[in-house]
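Structure first, then comments.
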Amino acid sequence: MTLEEVVGCNITDKKMDTVSQALEELLVAAQRQDCLTVGVYESAKLMTVDPDCVVLCVLATDEEDQDDIALQIHFTLLQAFCCDNDINILRVSGLRRLAQVLGEPTTLDNSEPRDFHCILVTNSQCQPLKCQALKDVGNYCEESRCKNQWIPYLSLQER
């Protein structure tokens with residue numbers, strides 16, 4: 001391994017950590033401002049009604065979801081829709097971490113757990129969501145597209 005490869009790996013790792021942290025901050029800020037839609041079906045419904053309000057689509061899976069054909073078909077359709085409507089897309093792994101970030105209770109109280117496979121961050125016309133984390137995640141998506149990686153990937157780490 002050359003010095004350039006080692007330094008490049010460290011920079012890439014730091015960038016991924018920074019973007020992961022920015023994504024977590026963005027999700028928390030969006031949830032506080034009621035600018036978050038959680039769930040594959042809920043997200044699809046919102047995008048058919050008002051796609052202009054969506055600023056980011058987060059598609060999350062873990063290894064056990066890779067063989068779920070129905071979920072993969074939903075993801076393909078959501079990705080196509082997002083590309084057609086210039087909506088930033090981010091693929092992530094770490095559903096458990098997403099649940100922690102969004103305050104999902106860890107104890108089961110006989111309620112149906114929320115579906116974190118698709119999360120939309122929206123912007124209302126009245127009070128747009130303005131935070132540095134949204135800019136950072138948007139810049140990461142833009143940089144990825146410039147590198148011909150149309151759907152960037154992040155791995156959220158347990159903390």
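If you're wondering about the labels, chains in the structure tokens are A, B, ... by order shown, residues count from 1 in each chain, ligands from 1 in order shown.
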Leaving out Glu158 of chain A and any residue of its chain fewer than 2 positions from it, which residues lie within 9 Å of it when counting only C-alpha atoms, given as a list in words?
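Selected residues are Gly94, Arg96, Arg97, Gln100 and Leu156 of chain A.
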Given the selection you just returned, output its residues as a file containing C-alpha atoms, formatted as a compact mmCIF listing (two decimals), in the first residue's frame.
```
# COMPACT_ATOMS: atom_id res chain seq x y z
CA GLY A 94 -27.60 0.38 10.60
CA ARG A 96 -30.75 -0.21 14.93
CA ARG A 97 -28.70 2.99 15.01
CA GLN A 100 -31.70 4.97 18.47
CA LEU A 156 -24.03 4.02 10.66
```
Please, which residues of chain A, numbered as in this document, come out strand (DSSP E or B) from DSSP, as a ChimeraX atom specification?
/A:36-38,54-61,88-93,118-122,153-155
Restricting the output to N, CA, C and O atoms, write the selected residues as a compact mmCIF listing (two decimals), in the first residue's frame.
```txt
# COMPACT_ATOMS: atom_id res chain seq x y z
N LEU A 36 -40.11 15.07 9.07
CA LEU A 36 -39.62 13.71 8.84
C LEU A 36 -40.80 12.80 8.54
O LEU A 36 -41.82 12.86 9.22
N THR A 37 -40.64 11.98 7.52
CA THR A 37 -41.62 10.95 7.20
C THR A 37 -40.91 9.62 7.29
O THR A 37 -39.88 9.43 6.64
N VAL A 38 -41.44 8.70 8.08
CA VAL A 38 -40.79 7.42 8.33
C VAL A 38 -41.67 6.30 7.80
O VAL A 38 -42.87 6.25 8.09
N VAL A 54 -39.69 17.28 -0.60
CA VAL A 54 -38.70 16.30 -0.14
C VAL A 54 -37.30 16.76 -0.52
O VAL A 54 -37.03 17.06 -1.68
N VAL A 55 -36.40 16.83 0.48
CA VAL A 55 -35.02 17.25 0.22
C VAL A 55 -34.02 16.10 0.35
O VAL A 55 -32.91 16.20 -0.14
N LEU A 56 -34.42 15.01 1.01
CA LEU A 56 -33.52 13.87 1.18
C LEU A 56 -34.33 12.61 1.39
O LEU A 56 -35.29 12.61 2.16
N CYS A 57 -33.91 11.54 0.74
CA CYS A 57 -34.51 10.21 0.92
C CYS A 57 -33.42 9.29 1.44
O CYS A 57 -32.38 9.11 0.80
N VAL A 58 -33.63 8.74 2.62
CA VAL A 58 -32.68 7.81 3.24
C VAL A 58 -33.28 6.41 3.14
O VAL A 58 -34.37 6.15 3.66
N LEU A 59 -32.57 5.52 2.46
CA LEU A 59 -32.99 4.13 2.31
C LEU A 59 -32.06 3.27 3.14
O LEU A 59 -30.86 3.24 2.92
N ALA A 60 -32.62 2.58 4.13
CA ALA A 60 -31.81 1.84 5.10
C ALA A 60 -32.08 0.35 5.04
O ALA A 60 -33.24 -0.07 5.00
N THR A 61 -31.01 -0.43 5.03
CA THR A 61 -31.11 -1.88 5.10
C THR A 61 -29.97 -2.42 5.94
O THR A 61 -28.97 -1.76 6.14
N ASN A 88 -32.13 14.22 -3.34
CA ASN A 88 -30.93 13.52 -2.87
C ASN A 88 -31.32 12.20 -2.23
O ASN A 88 -32.28 12.13 -1.47
N ILE A 89 -30.53 11.15 -2.54
CA ILE A 89 -30.77 9.81 -1.99
C ILE A 89 -29.51 9.38 -1.26
O ILE A 89 -28.39 9.64 -1.71
N LEU A 90 -29.70 8.68 -0.18
CA LEU A 90 -28.59 8.15 0.60
C LEU A 90 -28.96 6.76 1.06
O LEU A 90 -30.01 6.56 1.66
N ARG A 91 -28.13 5.78 0.75
CA ARG A 91 -28.33 4.41 1.25
C ARG A 91 -27.51 4.26 2.51
O ARG A 91 -26.35 4.67 2.56
N VAL A 92 -28.09 3.68 3.53
CA VAL A 92 -27.38 3.48 4.79
C VAL A 92 -27.62 2.07 5.32
O VAL A 92 -28.64 1.45 5.01
N SER A 93 -26.69 1.61 6.10
CA SER A 93 -26.91 0.39 6.89
C SER A 93 -26.90 0.82 8.35
O SER A 93 -26.33 1.85 8.69
N CYS A 118 -37.21 3.44 5.03
CA CYS A 118 -37.23 4.66 4.21
C CYS A 118 -37.59 5.83 5.11
O CYS A 118 -38.58 5.78 5.83
N ILE A 119 -36.77 6.87 5.03
CA ILE A 119 -37.00 8.08 5.80
C ILE A 119 -36.85 9.26 4.86
O ILE A 119 -35.85 9.37 4.14
N LEU A 120 -37.85 10.13 4.85
CA LEU A 120 -37.78 11.34 4.04
C LEU A 120 -37.60 12.56 4.94
O LEU A 120 -38.27 12.68 5.96
N VAL A 121 -36.71 13.44 4.53
CA VAL A 121 -36.57 14.74 5.17
C VAL A 121 -37.26 15.73 4.25
O VAL A 121 -36.97 15.78 3.05
N THR A 122 -38.20 16.48 4.81
CA THR A 122 -38.98 17.41 4.00
C THR A 122 -38.72 18.85 4.42
O THR A 122 -38.22 19.11 5.52
N TYR A 153 -23.48 5.61 -0.22
CA TYR A 153 -23.73 4.65 0.85
C TYR A 153 -22.99 5.07 2.10
O TYR A 153 -21.83 5.50 2.05
N LEU A 154 -23.65 4.95 3.24
CA LEU A 154 -23.05 5.18 4.55
C LEU A 154 -23.35 4.02 5.47
O LEU A 154 -24.43 3.43 5.39
N SER A 155 -22.43 3.73 6.35
CA SER A 155 -22.66 2.72 7.37
C SER A 155 -22.70 3.41 8.71
O SER A 155 -21.71 3.98 9.16
```
Interatomic distance (Å, one decimal) between atom CA of Ile151 of chain A and atom CA of Gln79 of chain A:
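Calculated distance between atom CA of Ile151 of chain A and atom CA of Gln79 of chain A is 8.3 Å.
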Would you return as a PyMOL selection string the members of segment 8-90 of chain A that DSSP assigns to helix (DSSP H, G or I) on this structure's backbone?
chain A and resi 8-32+40-49+51-53+63-65+69-84
Taking only C-alpha atoms into account, which of A:Cys83, A:Thr18, A:Phe116, A:Tyr41 comes nearest Val101 of chain A?
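Nearest candidate to Val101 of chain A out of A:Cys83, A:Thr18, A:Phe116, A:Tyr41: A:Phe116.
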Which of these residues is nearest to Ile87 of chain A, using only C-alpha atoms: A:Ile73, A:Ala22, A:Cys141, A:Val28?
A:Cys141
When you draw a straight line from atom CA of Leu23 of chain A to atom CA of Asp67 of chain A, how long is it in Å?
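If I compute the distance from atom CA of Leu23 of chain A to atom CA of Asp67 of chain A, I get 25.9 Å.
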